[in-house]
file model.pdb (PDB, C-alpha atoms)
MODEL        1
ATOM      1  CA  MET O   1      83.966 113.441 113.424  1.00  0.00           C
ATOM      2  CA  ARG O   2      87.567 112.285 113.471  1.00  0.00           C
ATOM      3  CA  LEU O   3      88.670 109.818 110.791  1.00  0.00           C
ATOM      4  CA  ALA O   4      91.853 107.871 110.170  1.00  0.00           C
ATOM      5  CA  LEU O   5      93.132 106.817 106.750  1.00  0.00           C
ATOM      6  CA  GLY O   6      95.888 104.474 105.635  1.00  0.00           C
ATOM      7  CA  VAL O   7      97.702 105.911 102.616  1.00  0.00           C
ATOM      8  CA  ALA O   8     100.183 104.280 100.221  1.00  0.00           C
ATOM      9  CA  TYR O   9     102.393 106.270  97.872  1.00  0.00           C
ATOM     10  CA  ARG O  10     105.403 106.024  95.607  1.00  0.00           C
ATOM     11  CA  GLY O  11     107.598 108.856  96.778  1.00  0.00           C
ATOM     12  CA  THR O  12     109.789 109.269  93.690  1.00  0.00           C
ATOM     13  CA  ALA O  13     107.923 112.257  92.236  1.00  0.00           C
ATOM     14  CA  TYR O  14     107.376 114.096  95.535  1.00  0.00           C
ATOM     15  CA  GLN O  15     109.348 116.417  97.800  1.00  0.00           C
ATOM     16  CA  GLY O  16     108.525 114.260 100.790  1.00  0.00           C
ATOM     17  CA  TRP O  17     105.384 114.026 102.884  1.00  0.00           C
ATOM     18  CA  GLN O  18     105.135 117.403 104.602  1.00  0.00           C
ATOM     19  CA  SER O  19     103.277 120.243 102.889  1.00  0.00           C
ATOM     20  CA  GLN O  20     105.454 122.878 101.203  1.00  0.00           C
ATOM     21  CA  PRO O  21     104.712 126.116  99.332  1.00  0.00           C
ATOM     22  CA  GLY O  22     105.312 124.493  95.934  1.00  0.00           C
ATOM     23  CA  GLY O  23     102.628 121.900  96.589  1.00  0.00           C
ATOM     24  CA  GLN O  24     104.624 118.938  95.272  1.00  0.00           C
ATOM     25  CA  THR O  25     104.285 116.802  98.387  1.00  0.00           C
ATOM     26  CA  VAL O  26     102.129 113.819  99.277  1.00  0.00           C
ATOM     27  CA  GLN O  27     100.346 115.751 102.030  1.00  0.00           C
ATOM     28  CA  ASP O  28      99.454 118.541  99.586  1.00  0.00           C
ATOM     29  CA  ARG O  29      97.965 116.071  97.112  1.00  0.00           C
ATOM     30  CA  LEU O  30      96.067 114.159  99.780  1.00  0.00           C
ATOM     31  CA  GLU O  31      94.589 117.264 101.422  1.00  0.00           C
ATOM     32  CA  TRP O  32      93.509 118.626  98.030  1.00  0.00           C
ATOM     33  CA  ALA O  33      91.750 115.332  97.229  1.00  0.00           C
ATOM     34  CA  LEU O  34      90.131 115.126 100.664  1.00  0.00           C
ATOM     35  CA  SER O  35      88.894 118.705 100.421  1.00  0.00           C
ATOM     36  CA  ARG O  36      87.420 118.092  96.992  1.00  0.00           C
ATOM     37  CA  PHE O  37      85.616 114.953  98.086  1.00  0.00           C
ATOM     38  CA  ALA O  38      84.391 116.387 101.413  1.00  0.00           C
ATOM     39  CA  ASP O  39      83.583 119.781  99.863  1.00  0.00           C
ATOM     40  CA  GLU O  40      85.244 121.510 102.819  1.00  0.00           C
ATOM     41  CA  PRO O  41      88.846 122.351 103.779  1.00  0.00           C
ATOM     42  CA  ILE O  42      90.663 119.349 105.261  1.00  0.00           C
ATOM     43  CA  LYS O  43      93.984 119.336 107.096  1.00  0.00           C
ATOM     44  CA  THR O  44      95.736 116.113 108.075  1.00  0.00           C
ATOM     45  CA  VAL O  45      98.173 114.958 110.754  1.00  0.00           C
ATOM     46  CA  CYS O  46     100.406 112.002 109.860  1.00  0.00           C
ATOM     47  CA  ALA O  47     102.091 109.273 111.886  1.00  0.00           C
ATOM     48  CA  GLY O  48     105.574 109.921 110.491  1.00  0.00           C
ATOM     49  CA  ARG O  49     106.909 112.378 107.926  1.00  0.00           C
ATOM     50  CA  THR O  50     108.930 110.868 105.074  1.00  0.00           C
ATOM     51  CA  ASP O  51     111.689 112.498 103.018  1.00  0.00           C
ATOM     52  CA  ALA O  52     111.762 113.182  99.294  1.00  0.00           C
ATOM     53  CA  GLY O  53     111.948 109.924  97.367  1.00  0.00           C
ATOM     54  CA  VAL O  54     110.845 107.750 100.306  1.00  0.00           C
ATOM     55  CA  HIS O  55     107.806 105.523  99.792  1.00  0.00           C
ATOM     56  CA  GLY O  56     104.874 104.851 102.126  1.00  0.00           C
ATOM     57  CA  LEU O  57     102.886 101.619 102.320  1.00  0.00           C
ATOM     58  CA  ASN O  58     100.689 102.379 105.312  1.00  0.00           C
ATOM     59  CA  GLN O  59     101.080 106.014 106.272  1.00  0.00           C
ATOM     60  CA  VAL O  60      98.345 106.769 108.817  1.00  0.00           C
ATOM     61  CA  VAL O  61      96.712 110.198 108.996  1.00  0.00           C
ATOM     62  CA  HIS O  62      93.845 111.642 110.989  1.00  0.00           C
ATOM     63  CA  PHE O  63      91.584 114.582 110.215  1.00  0.00           C
ATOM     64  CA  ASP O  64      88.310 116.115 111.376  1.00  0.00           C
ATOM     65  CA  THR O  65      85.303 116.543 109.138  1.00  0.00           C
ATOM     66  CA  SER O  66      81.608 117.335 109.312  1.00  0.00           C
ATOM     67  CA  ARG O  67      80.851 115.075 106.318  1.00  0.00           C
ATOM     68  CA  GLN O  68      79.166 111.718 106.881  1.00  0.00           C
ATOM     69  CA  ARG O  69      80.289 108.922 104.564  1.00  0.00           C
ATOM     70  CA  GLU O  70      80.558 105.151 104.784  1.00  0.00           C
ATOM     71  CA  PRO O  71      84.137 104.087 105.644  1.00  0.00           C
ATOM     72  CA  PHE O  72      84.909 102.623 102.225  1.00  0.00           C
ATOM     73  CA  GLY O  73      83.190 105.583 100.624  1.00  0.00           C
ATOM     74  CA  TRP O  74      86.121 107.713 101.787  1.00  0.00           C
ATOM     75  CA  VAL O  75      88.556 105.274 100.162  1.00  0.00           C
ATOM     76  CA  ARG O  76      86.768 105.136  96.835  1.00  0.00           C
ATOM     77  CA  GLY O  77      85.818 108.810  96.783  1.00  0.00           C
ATOM     78  CA  VAL O  78      89.178 110.334  97.741  1.00  0.00           C
ATOM     79  CA  ASN O  79      91.062 108.060  95.353  1.00  0.00           C
ATOM     80  CA  ARG O  80      89.099 109.589  92.466  1.00  0.00           C
ATOM     81  CA  TYR O  81      90.998 112.834  93.035  1.00  0.00           C
ATOM     82  CA  LEU O  82      94.459 111.415  93.755  1.00  0.00           C
ATOM     83  CA  PRO O  83      97.283 110.834  91.244  1.00  0.00           C
ATOM     84  CA  GLU O  84      97.949 107.240  90.295  1.00  0.00           C
ATOM     85  CA  ASP O  85     101.018 106.961  92.570  1.00  0.00           C
ATOM     86  CA  VAL O  86      99.045 107.830  95.737  1.00  0.00           C
ATOM     87  CA  ALA O  87      96.059 105.810  97.001  1.00  0.00           C
ATOM     88  CA  VAL O  88      94.039 105.590 100.214  1.00  0.00           C
ATOM     89  CA  GLN O  89      94.036 101.968 101.387  1.00  0.00           C
ATOM     90  CA  TRP O  90      91.499 102.028 104.225  1.00  0.00           C
ATOM     91  CA  SER O  91      89.350 104.316 106.365  1.00  0.00           C
ATOM     92  CA  ALA O  92      88.327 103.954 110.013  1.00  0.00           C
ATOM     93  CA  GLU O  93      86.734 105.864 112.886  1.00  0.00           C
ATOM     94  CA  PRO O  94      89.323 105.628 115.710  1.00  0.00           C
ATOM     95  CA  GLY O  95      87.517 107.918 118.175  1.00  0.00           C
ATOM     96  CA  ASP O  96      87.566 111.663 118.834  1.00  0.00           C
ATOM     97  CA  GLY O  97      90.739 111.586 120.917  1.00  0.00           C
ATOM     98  CA  PHE O  98      92.860 109.672 118.414  1.00  0.00           C
ATOM     99  CA  HIS O  99      96.110 111.271 117.255  1.00  0.00           C
ATOM    100  CA  ALA O 100      97.976 109.604 114.381  1.00  0.00           C
ATOM    101  CA  ARG O 101     101.420 110.707 115.597  1.00  0.00           C
ATOM    102  CA  ASN O 102     101.125 110.848 119.380  1.00  0.00           C
ATOM    103  CA  HIS O 103      99.338 107.529 119.799  1.00  0.00           C
ATOM    104  CA  ALA O 104     101.759 105.518 117.643  1.00  0.00           C
ATOM    105  CA  ARG O 105     103.621 103.025 119.854  1.00  0.00           C
ATOM    106  CA  ARG O 106     106.146 101.938 117.244  1.00  0.00           C
ATOM    107  CA  ARG O 107     107.055 102.674 113.633  1.00  0.00           C
ATOM    108  CA  ARG O 108     108.317 100.238 111.011  1.00  0.00           C
ATOM    109  CA  TYR O 109     110.467 100.777 107.927  1.00  0.00           C
ATOM    110  CA  ALA O 110     112.043  98.494 105.339  1.00  0.00           C
ATOM    111  CA  TYR O 111     114.963  99.253 103.057  1.00  0.00           C
ATOM    112  CA  VAL O 112     115.280  97.215  99.836  1.00  0.00           C
ATOM    113  CA  LEU O 113     118.736  97.094  98.254  1.00  0.00           C
ATOM    114  CA  LEU O 114     119.935  95.621  94.959  1.00  0.00           C
ATOM    115  CA  GLU O 115     123.412  94.078  94.938  1.00  0.00           C
ATOM    116  CA  SER O 116     124.496  93.940  91.305  1.00  0.00           C
ATOM    117  CA  PRO O 117     127.382  95.054  89.083  1.00  0.00           C
ATOM    118  CA  VAL O 118     124.737  96.764  86.918  1.00  0.00           C
ATOM    119  CA  ARG O 119     122.562  99.649  88.117  1.00  0.00           C
ATOM    120  CA  PRO O 120     118.795  99.057  88.428  1.00  0.00           C
ATOM    121  CA  ALA O 121     116.548  99.842  85.474  1.00  0.00           C
ATOM    122  CA  TRP O 122     113.056  98.422  85.981  1.00  0.00           C
ATOM    123  CA  GLU O 123     113.392  98.974  89.755  1.00  0.00           C
ATOM    124  CA  CYS O 124     114.865 102.453  89.395  1.00  0.00           C
ATOM    125  CA  GLY O 125     113.563 104.621  92.237  1.00  0.00           C
ATOM    126  CA  ASN O 126     112.218 101.592  94.114  1.00  0.00           C
ATOM    127  CA  VAL O 127     115.482 100.115  95.412  1.00  0.00           C
ATOM    128  CA  GLY O 128     118.847 101.271  96.655  1.00  0.00           C
ATOM    129  CA  TRP O 129     121.885  99.924  94.809  1.00  0.00           C
ATOM    130  CA  THR O 130     125.383  98.705  95.534  1.00  0.00           C
ATOM    131  CA  PHE O 131     127.768  97.178  93.023  1.00  0.00           C
ATOM    132  CA  ARG O 132     130.003  95.783  95.775  1.00  0.00           C
ATOM    133  CA  SER O 133     129.345  92.414  97.407  1.00  0.00           C
ATOM    134  CA  LEU O 134     128.062  92.449 100.981  1.00  0.00           C
ATOM    135  CA  ASP O 135     128.947  90.317 104.009  1.00  0.00           C
ATOM    136  CA  ALA O 136     125.775  89.369 105.897  1.00  0.00           C
ATOM    137  CA  ASP O 137     127.605  88.160 109.028  1.00  0.00           C
ATOM    138  CA  ALA O 138     129.522  91.420 109.338  1.00  0.00           C
ATOM    139  CA  MET O 139     126.393  93.537 108.926  1.00  0.00           C
ATOM    140  CA  ASN O 140     124.462  91.466 111.470  1.00  0.00           C
ATOM    141  CA  ALA O 141     127.330  91.827 113.951  1.00  0.00           C
ATOM    142  CA  ALA O 142     127.222  95.608 113.435  1.00  0.00           C
ATOM    143  CA  ALA O 143     123.438  95.679 113.741  1.00  0.00           C
ATOM    144  CA  ALA O 144     123.598  93.962 117.153  1.00  0.00           C
ATOM    145  CA  HIS O 145     125.320  97.061 118.563  1.00  0.00           C
ATOM    146  CA  LEU O 146     122.368  99.232 117.553  1.00  0.00           C
ATOM    147  CA  ILE O 147     119.546  97.281 119.215  1.00  0.00           C
ATOM    148  CA  GLY O 148     118.120  98.824 122.365  1.00  0.00           C
ATOM    149  CA  GLU O 149     117.819 102.335 123.762  1.00  0.00           C
ATOM    150  CA  HIS O 150     120.639 104.609 122.612  1.00  0.00           C
ATOM    151  CA  ASP O 151     121.518 108.190 121.872  1.00  0.00           C
ATOM    152  CA  PHE O 152     121.493 108.104 118.045  1.00  0.00           C
ATOM    153  CA  SER O 153     123.045 111.559 117.565  1.00  0.00           C
ATOM    154  CA  ALA O 154     125.696 110.059 115.266  1.00  0.00           C
ATOM    155  CA  PHE O 155     122.936 109.060 112.860  1.00  0.00           C
ATOM    156  CA  ARG O 156     120.854 112.225 113.079  1.00  0.00           C
ATOM    157  CA  ALA O 157     120.502 114.881 110.383  1.00  0.00           C
ATOM    158  CA  ALA O 158     121.674 118.376 111.308  1.00  0.00           C
ATOM    159  CA  GLU O 159     118.179 119.758 110.616  1.00  0.00           C
ATOM    160  CA  CYS O 160     116.427 117.148 112.800  1.00  0.00           C
ATOM    161  CA  GLN O 161     113.760 118.746 115.011  1.00  0.00           C
ATOM    162  CA  ALA O 162     113.244 115.840 117.435  1.00  0.00           C
ATOM    163  CA  ALA O 163     113.255 116.875 121.084  1.00  0.00           C
ATOM    164  CA  SER O 164     115.607 114.024 122.041  1.00  0.00           C
ATOM    165  CA  PRO O 165     118.114 111.854 120.127  1.00  0.00           C
ATOM    166  CA  ILE O 166     117.410 108.920 122.450  1.00  0.00           C
ATOM    167  CA  LYS O 167     115.363 106.245 120.698  1.00  0.00           C
ATOM    168  CA  THR O 168     114.722 102.544 121.238  1.00  0.00           C
ATOM    169  CA  LEU O 169     115.470 100.373 118.203  1.00  0.00           C
ATOM    170  CA  SER O 170     113.744  97.036 118.848  1.00  0.00           C
ATOM    171  CA  THR O 171     114.326  95.365 115.474  1.00  0.00           C
ATOM    172  CA  LEU O 172     117.060  95.477 112.840  1.00  0.00           C
ATOM    173  CA  ASP O 173     116.636  92.382 110.684  1.00  0.00           C
ATOM    174  CA  ILE O 174     118.804  91.768 107.602  1.00  0.00           C
ATOM    175  CA  ARG O 175     118.090  89.074 105.039  1.00  0.00           C
ATOM    176  CA  ARG O 176     118.794  88.348 101.405  1.00  0.00           C
ATOM    177  CA  ARG O 177     116.579  87.069  98.597  1.00  0.00           C
ATOM    178  CA  GLY O 178     118.489  86.529  95.387  1.00  0.00           C
ATOM    179  CA  ALA O 179     120.120  89.796  94.348  1.00  0.00           C
ATOM    180  CA  TYR O 180     118.020  91.805  96.814  1.00  0.00           C
ATOM    181  CA  TRP O 181     118.664  92.612 100.437  1.00  0.00           C
ATOM    182  CA  ARG O 182     115.955  93.691 102.851  1.00  0.00           C
ATOM    183  CA  PHE O 183     116.673  95.602 106.055  1.00  0.00           C
ATOM    184  CA  ASP O 184     113.760  95.859 108.522  1.00  0.00           C
ATOM    185  CA  PHE O 185     113.779  98.526 111.235  1.00  0.00           C
ATOM    186  CA  GLU O 186     111.336  98.972 114.095  1.00  0.00           C
ATOM    187  CA  ALA O 187     111.576 101.595 116.837  1.00  0.00           C
ATOM    188  CA  ASN O 188     109.422 103.725 119.080  1.00  0.00           C
ATOM    189  CA  ALA O 189     110.392 106.663 116.817  1.00  0.00           C
ATOM    190  CA  PHE O 190     113.103 107.648 114.351  1.00  0.00           C
ATOM    191  CA  LEU O 191     115.239 110.740 113.900  1.00  0.00           C
ATOM    192  CA  HIS O 192     115.463 112.661 110.634  1.00  0.00           C
ATOM    193  CA  HIS O 193     117.579 110.620 108.166  1.00  0.00           C
ATOM    194  CA  MET O 194     118.273 108.075 110.915  1.00  0.00           C
ATOM    195  CA  ILE O 195     117.613 104.979 108.804  1.00  0.00           C
ATOM    196  CA  ARG O 196     119.446 106.294 105.749  1.00  0.00           C
ATOM    197  CA  ASN O 197     122.423 107.179 107.942  1.00  0.00           C
ATOM    198  CA  LEU O 198     122.357 103.738 109.556  1.00  0.00           C
ATOM    199  CA  MET O 199     122.211 102.164 106.106  1.00  0.00           C
ATOM    200  CA  GLY O 200     125.312 104.038 105.005  1.00  0.00           C
ATOM    201  CA  SER O 201     127.259 102.747 107.997  1.00  0.00           C
ATOM    202  CA  LEU O 202     125.931  99.181 107.747  1.00  0.00           C
ATOM    203  CA  LEU O 203     126.990  99.052 104.098  1.00  0.00           C
ATOM    204  CA  ALA O 204     130.448 100.377 104.983  1.00  0.00           C
ATOM    205  CA  VAL O 205     130.744  97.331 107.235  1.00  0.00           C
ATOM    206  CA  GLY O 206     129.166  95.002 104.672  1.00  0.00           C
ATOM    207  CA  HIS O 207     131.648  96.130 102.009  1.00  0.00           C
ATOM    208  CA  GLY O 208     134.573  95.489 104.356  1.00  0.00           C
ATOM    209  CA  ALA O 209     135.613  99.145 104.616  1.00  0.00           C
ATOM    210  CA  ARG O 210     134.949  99.101 108.375  1.00  0.00           C
ATOM    211  CA  PRO O 211     134.824  96.356 111.039  1.00  0.00           C
ATOM    212  CA  PRO O 212     131.503  95.636 112.823  1.00  0.00           C
ATOM    213  CA  ASP O 213     132.703  97.148 116.120  1.00  0.00           C
ATOM    214  CA  TRP O 214     133.241 100.486 114.355  1.00  0.00           C
ATOM    215  CA  VAL O 215     129.449 101.005 114.445  1.00  0.00           C
ATOM    216  CA  ALA O 216     129.499 100.759 118.239  1.00  0.00           C
ATOM    217  CA  GLU O 217     132.328 103.313 118.395  1.00  0.00           C
ATOM    218  CA  VAL O 218     130.411 105.749 116.187  1.00  0.00           C
ATOM    219  CA  LEU O 219     127.242 105.273 118.225  1.00  0.00           C
ATOM    220  CA  GLN O 220     129.052 105.972 121.501  1.00  0.00           C
ATOM    221  CA  ALA O 221     130.859 109.012 120.083  1.00  0.00           C
ATOM    222  CA  ARG O 222     127.518 110.686 119.189  1.00  0.00           C
ATOM    223  CA  ASP O 223     129.276 112.529 116.385  1.00  0.00           C
ATOM    224  CA  ARG O 224     127.579 112.590 112.979  1.00  0.00           C
ATOM    225  CA  SER O 225     130.846 113.367 111.200  1.00  0.00           C
ATOM    226  CA  LEU O 226     132.261 109.958 112.185  1.00  0.00           C
ATOM    227  CA  ALA O 227     129.499 107.912 110.524  1.00  0.00           C
ATOM    228  CA  ALA O 228     129.175 107.065 106.834  1.00  0.00           C
ATOM    229  CA  PRO O 229     127.377 109.393 104.391  1.00  0.00           C
ATOM    230  CA  THR O 230     123.590 109.364 104.171  1.00  0.00           C
ATOM    231  CA  PHE O 231     122.425 106.601 101.817  1.00  0.00           C
ATOM    232  CA  ALA O 232     119.935 107.049  98.949  1.00  0.00           C
ATOM    233  CA  PRO O 233     116.193 107.326  99.739  1.00  0.00           C
ATOM    234  CA  ASP O 234     115.089 105.142  96.795  1.00  0.00           C
ATOM    235  CA  GLY O 235     114.732 101.816  98.611  1.00  0.00           C
ATOM    236  CA  LEU O 236     113.220 103.134 101.849  1.00  0.00           C
ATOM    237  CA  TYR O 237     109.606 102.222 102.644  1.00  0.00           C
ATOM    238  CA  PHE O 238     107.543 103.417 105.611  1.00  0.00           C
ATOM    239  CA  LEU O 239     105.581 100.308 106.561  1.00  0.00           C
ATOM    240  CA  GLY O 240     103.522 102.310 109.010  1.00  0.00           C
ATOM    241  CA  PRO O 241     102.912 102.850 112.707  1.00  0.00           C
ATOM    242  CA  GLN O 242     101.539 100.413 115.243  1.00  0.00           C
ATOM    243  CA  TYR O 243      98.856 101.397 117.738  1.00  0.00           C
ATOM    244  CA  ASP O 244      97.191  99.742 120.699  1.00  0.00           C
ATOM    245  CA  ALA O 245      95.121  96.809 119.452  1.00  0.00           C
ATOM    246  CA  GLU O 246      91.846  98.290 120.705  1.00  0.00           C
ATOM    247  CA  ARG O 247      92.129 101.009 118.056  1.00  0.00           C
ATOM    248  CA  GLY O 248      91.440  98.315 115.476  1.00  0.00           C
ATOM    249  CA  LEU O 249      93.501 100.010 112.762  1.00  0.00           C
ATOM    250  CA  PRO O 250      94.960  97.914 109.906  1.00  0.00           C
ATOM    251  CA  THR O 251      98.700  97.250 109.965  1.00  0.00           C
ATOM    252  CA  HIS O 252      98.981  95.568 106.548  1.00  0.00           C
ATOM    253  CA  THR O 253      98.393  96.734 102.975  1.00  0.00           C
ATOM    254  CA  PRO O 254      98.732  94.720  99.736  1.00  0.00           C
ATOM    255  CA  ALA O 255     101.993  96.382  98.661  1.00  0.00           C
ATOM    256  CA  MET O 256     103.718  94.848 101.679  1.00  0.00           C
ATOM    257  CA  ASP O 257     103.367  91.480  99.950  1.00  0.00           C
ATOM    258  CA  TRP O 258     105.098  92.939  96.871  1.00  0.00           C
ATOM    259  CA  LEU O 259     108.346  93.744  98.674  1.00  0.00           C
ATOM    260  CA  PRO O 260     111.052  91.045  98.742  1.00  0.00           C
TER     261      PRO O 260
ENDMDL
END

call {"tool": "encode", "arguments": {"input": "model.pdb", "output": "C-alpha cells"}}
result
Amino acid sequence: MRLALGVAYRGTAYQGWQSQPGGQTVQDRLEWALSRFADEPIKTVCAGRTDAGVHGLNQVVHFDTSRQREPFGWVRGVNRYLPEDVAVQWSAEPGDGFHARNHARRRRYAYVLLESPVRPAWECGNVGWTFRSLDADAMNAAAAHLIGEHDFSAFRAAECQAASPIKTLSTLDIRRRGAYWRFDFEANAFLHHMIRNLMGSLLAVGHGARPPDWVAEVLQARDRSLAAPTFAPDGLYFLGPQYDAERGLPTHTPAMDWLP
C-alpha cells in the first residue's frame, strides 16, 4: 500500500531534509520513526528537498508499506517516535501510482523577515533579519521582472542538480505586518538556493543599493556572480506542494496560521 504524509518541522537543528551519513536530517528522523512504528524498513520520497536551517510546514512524502493502519493511526503512532521539532500532520491513501515529487504541480514557499535595528532573540532561527529599512515599492518593481517563465541561472546554486534552469514563477507577493515582512513564492519548481538568492537581490533593491531594473539585468545575464549573495535560511518556510484536486491531499496545516 502506498501512503502519503504531510510533515511539519523546524529546520534549525537539522542538516536539511535529505538523508546523510551522519543521520542529522529530517528524512533520517522520519524514516527511523516510520520504521519503528511499522516494524519494517521504510524509505520515503519527498515533494521538495529543503536546505539546512529551512523549515517545512507541509512537506509531503510517500512510501510503501505492508502494514495496515487507520489514517490517523499513522499520525499518532509515528509522532510517538519523532523529536518534538518534527511532527506528522496528516496521513492519506493517494493511490498506488502517486509520486510526491513528480505529481506536484506547484510548490509554495514563504520567507519571513524582521526589519529592526536589533537582531532577533525570541524569533532567532525562525526569521531572517535586516537592520536597514526597506522600500516596498522598489522591491515590488523588482519582483515584477521575475514573474513568468525564465532561465533562473543567475539565482541557481553551483551544486544545483536540476535538469533545467528554466522555471515558471507564478507568484512573488511582498507585504509587511509591523516589523515583519513576508515574501510569498509559488512556482512549478525551484532551483537549489533559488529563493535565498532571490531574497538577497530583492533586499539589495529594498535597501537602495541597486535599482529595481538591475534584477532584470541580472536575470537576463544568467550569471550567478552578478546577483547578490545567498541570504540566510532562517526565515524560509516550505509551505508545501499542490496536487490535482482529485488527489484530495491537504494543503493547509495549523502552523501556516502562525506565520505573519

call {"tool": "closest_residue", "arguments": {"input": "model.pdb", "among": "O:Thr230, O:Ala143, O:Gln24, O:Glu93", "to": "Glu70 (chain O)", "atoms": "all atoms listed in the file"}}
result
O:Glu93

call {"tool": "closest_residue", "arguments": {"input": "model.pdb", "among": "O:Ala179, O:Ala232, O:Val88, O:Val75", "to": "Met199 (chain O)", "atoms": "all atoms listed in the file"}}
result
O:Ala232

call {"tool": "closest_residue", "arguments": {"input": "model.pdb", "among": "O:Gly125, O:Pro117, O:Gly6, O:Pro250", "to": "Asn58 (chain O)", "atoms": "all atoms listed in the file"}}
result
O:Gly6

call {"tool": "resolve_selection", "arguments": {"input": "model.pdb", "expression": "the PyMOL selection byres ((chain O and resi 92) around 8)", "output": "tab-separated table (two decimals) with C-alpha atoms, keeping the file's coordinate frame"}}
result
chain	number	residue	atom	x	y	z
O	3	LEU	CA	88.67	109.82	110.79
O	4	ALA	CA	91.85	107.87	110.17
O	5	LEU	CA	93.13	106.82	106.75
O	71	PRO	CA	84.14	104.09	105.64
O	90	TRP	CA	91.50	102.03	104.22
O	91	SER	CA	89.35	104.32	106.36
O	93	GLU	CA	86.73	105.86	112.89
O	94	PRO	CA	89.32	105.63	115.71
O	249	LEU	CA	93.50	100.01	112.76

call {"tool": "resolve_selection", "arguments": {"input": "model.pdb", "expression": "the PyMOL selection byres ((chain O and resi 29-42) around 9)", "output": "short mmCIF file (atom, residue, chain, number, x, y, z; two decimals) with C-alpha atoms, in the coordinates of the input"}}
result
data_model
loop_
_atom_site.label_atom_id
_atom_site.label_comp_id
_atom_site.auth_asym_id
_atom_site.auth_seq_id
_atom_site.Cartn_x
_atom_site.Cartn_y
_atom_site.Cartn_z
CA VAL O 7 97.70 105.91 102.62
CA SER O 19 103.28 120.24 102.89
CA GLY O 23 102.63 121.90 96.59
CA GLN O 24 104.62 118.94 95.27
CA THR O 25 104.28 116.80 98.39
CA VAL O 26 102.13 113.82 99.28
CA GLN O 27 100.35 115.75 102.03
CA ASP O 28 99.45 118.54 99.59
CA LYS O 43 93.98 119.34 107.10
CA THR O 44 95.74 116.11 108.08
CA PHE O 63 91.58 114.58 110.22
CA ASP O 64 88.31 116.12 111.38
CA THR O 65 85.30 116.54 109.14
CA SER O 66 81.61 117.34 109.31
CA ARG O 67 80.85 115.08 106.32
CA GLN O 68 79.17 111.72 106.88
CA TRP O 74 86.12 107.71 101.79
CA GLY O 77 85.82 108.81 96.78
CA VAL O 78 89.18 110.33 97.74
CA ASN O 79 91.06 108.06 95.35
CA ARG O 80 89.10 109.59 92.47
CA TYR O 81 91.00 112.83 93.04
CA LEU O 82 94.46 111.42 93.76
CA PRO O 83 97.28 110.83 91.24
CA VAL O 86 99.04 107.83 95.74
CA ALA O 87 96.06 105.81 97.00
CA VAL O 88 94.04 105.59 100.21
#

call {"tool": "resolve_selection", "arguments": {"input": "model.pdb", "expression": "the PyMOL selection byres ((chain O and resi 174) around 7)", "output": "list in words"}}
result
Asn140, Leu172, Asp173, Arg175, Arg182, Phe183 and Asp184 of chain O

call {"tool": "closest_residue", "arguments": {"input": "model.pdb", "among": "O:His252, O:Arg156, O:Arg247, O:His150", "to": "Leu226 (chain O)", "atoms": "only C-alpha atoms"}}
result
O:Arg156

call {"tool": "closest_residue", "arguments": {"input": "model.pdb", "among": "O:Ala216, O:Ala100, O:Ala227, O:Ala144", "to": "Gln242 (chain O)", "atoms": "all atoms listed in the file"}}
result
O:Ala100

call {"tool": "atom_distance", "arguments": {"input": "model.pdb", "atom1": "CA of Leu202 (chain O)", "atom2": "CA of Ala228 (chain O)"}}
result
8.6 Å

call {"tool": "atom_distance", "arguments": {"input": "model.pdb", "atom1": "CA of Arg49 (chain O)", "atom2": "CA of Glu115 (chain O)"}}
result
27.9 Å

call {"tool": "residues_around", "arguments": {"input": "model.pdb", "residues": "Asp234 (chain O)", "least_positions_apart": "2", "cutoff": "7 Å", "atoms": "only C-alpha atoms", "output": "PyMOL selection string"}}
result
chain O and resi 53-54+125-128+232+236

call {"tool": "residues_near_point", "arguments": {"input": "model.pdb", "point": "(111.9, 87.3, 96.7)", "cutoff": "7 Å", "atoms": "all atoms listed in the file", "output": "mmCIF file with C-alpha atoms, in the coordinates of the input"}}
result
data_model
loop_
_atom_site.group_PDB
_atom_site.id
_atom_site.type_symbol
_atom_site.label_atom_id
_atom_site.label_comp_id
_atom_site.auth_asym_id
_atom_site.auth_seq_id
_atom_site.Cartn_x
_atom_site.Cartn_y
_atom_site.Cartn_z
ATOM 1 C CA ARG O 177 116.579 87.069 98.597
ATOM 2 C CA GLY O 178 118.489 86.529 95.387
ATOM 3 C CA PRO O 260 111.052 91.045 98.742
#

call {"tool": "residues_around", "arguments": {"input": "model.pdb", "residues": "Arg222 (chain O)", "least_positions_apart": "3", "cutoff": "9 Å", "atoms": "all atoms listed in the file", "output": "PyMOL selection string"}}
result
chain O and resi 151-155+217-219+226

call {"tool": "atom_distance", "arguments": {"input": "model.pdb", "atom1": "CA of Leu57 (chain O)", "atom2": "CA of Glu84 (chain O)"}}
result
14.2 Å

call {"tool": "closest_residue", "arguments": {"input": "model.pdb", "among": "O:Ala187, O:Val45, O:Met139, O:Leu259", "to": "Leu203 (chain O)", "atoms": "only C-alpha atoms"}}
result
O:Met139

call {"tool": "residues_around", "arguments": {"input": "model.pdb", "residues": "Gly16 (chain O)", "least_positions_apart": "6", "cutoff": "6 Å", "atoms": "only C-alpha atoms", "output": "PDB file with C-alpha atoms, in the coordinates of the input"}}
result
ATOM      1  CA  THR O  25     104.285 116.802  98.387  1.00  0.00           C
ATOM      2  CA  THR O  50     108.930 110.868 105.074  1.00  0.00           C
ATOM      3  CA  ASP O  51     111.689 112.498 103.018  1.00  0.00           C
ATOM      4  CA  ALA O  52     111.762 113.182  99.294  1.00  0.00           C
TER       5      ALA O  52
END

call {"tool": "build_atoms", "arguments": {"input": "model.pdb", "residues": "region 37-41 of chain O", "atoms": "N, CA and C atoms", "output": "compact mmCIF listing (two decimals), in the frame of the given file"}}
result
# COMPACT_ATOMS: atom_id res chain seq x y z
N PHE O 37 86.64 115.97 97.83
CA PHE O 37 85.62 114.95 98.09
C PHE O 37 84.67 115.38 99.21
N ALA O 38 85.22 115.98 100.27
CA ALA O 38 84.39 116.39 101.41
C ALA O 38 83.68 117.71 101.17
N ASP O 39 84.14 118.45 100.17
CA ASP O 39 83.58 119.78 99.86
C ASP O 39 83.74 120.72 101.05
N GLU O 40 84.88 120.63 101.72
CA GLU O 40 85.24 121.51 102.82
C GLU O 40 86.75 121.40 103.01
N PRO O 41 87.39 122.42 103.57
CA PRO O 41 88.85 122.35 103.78
C PRO O 41 89.21 121.24 104.77
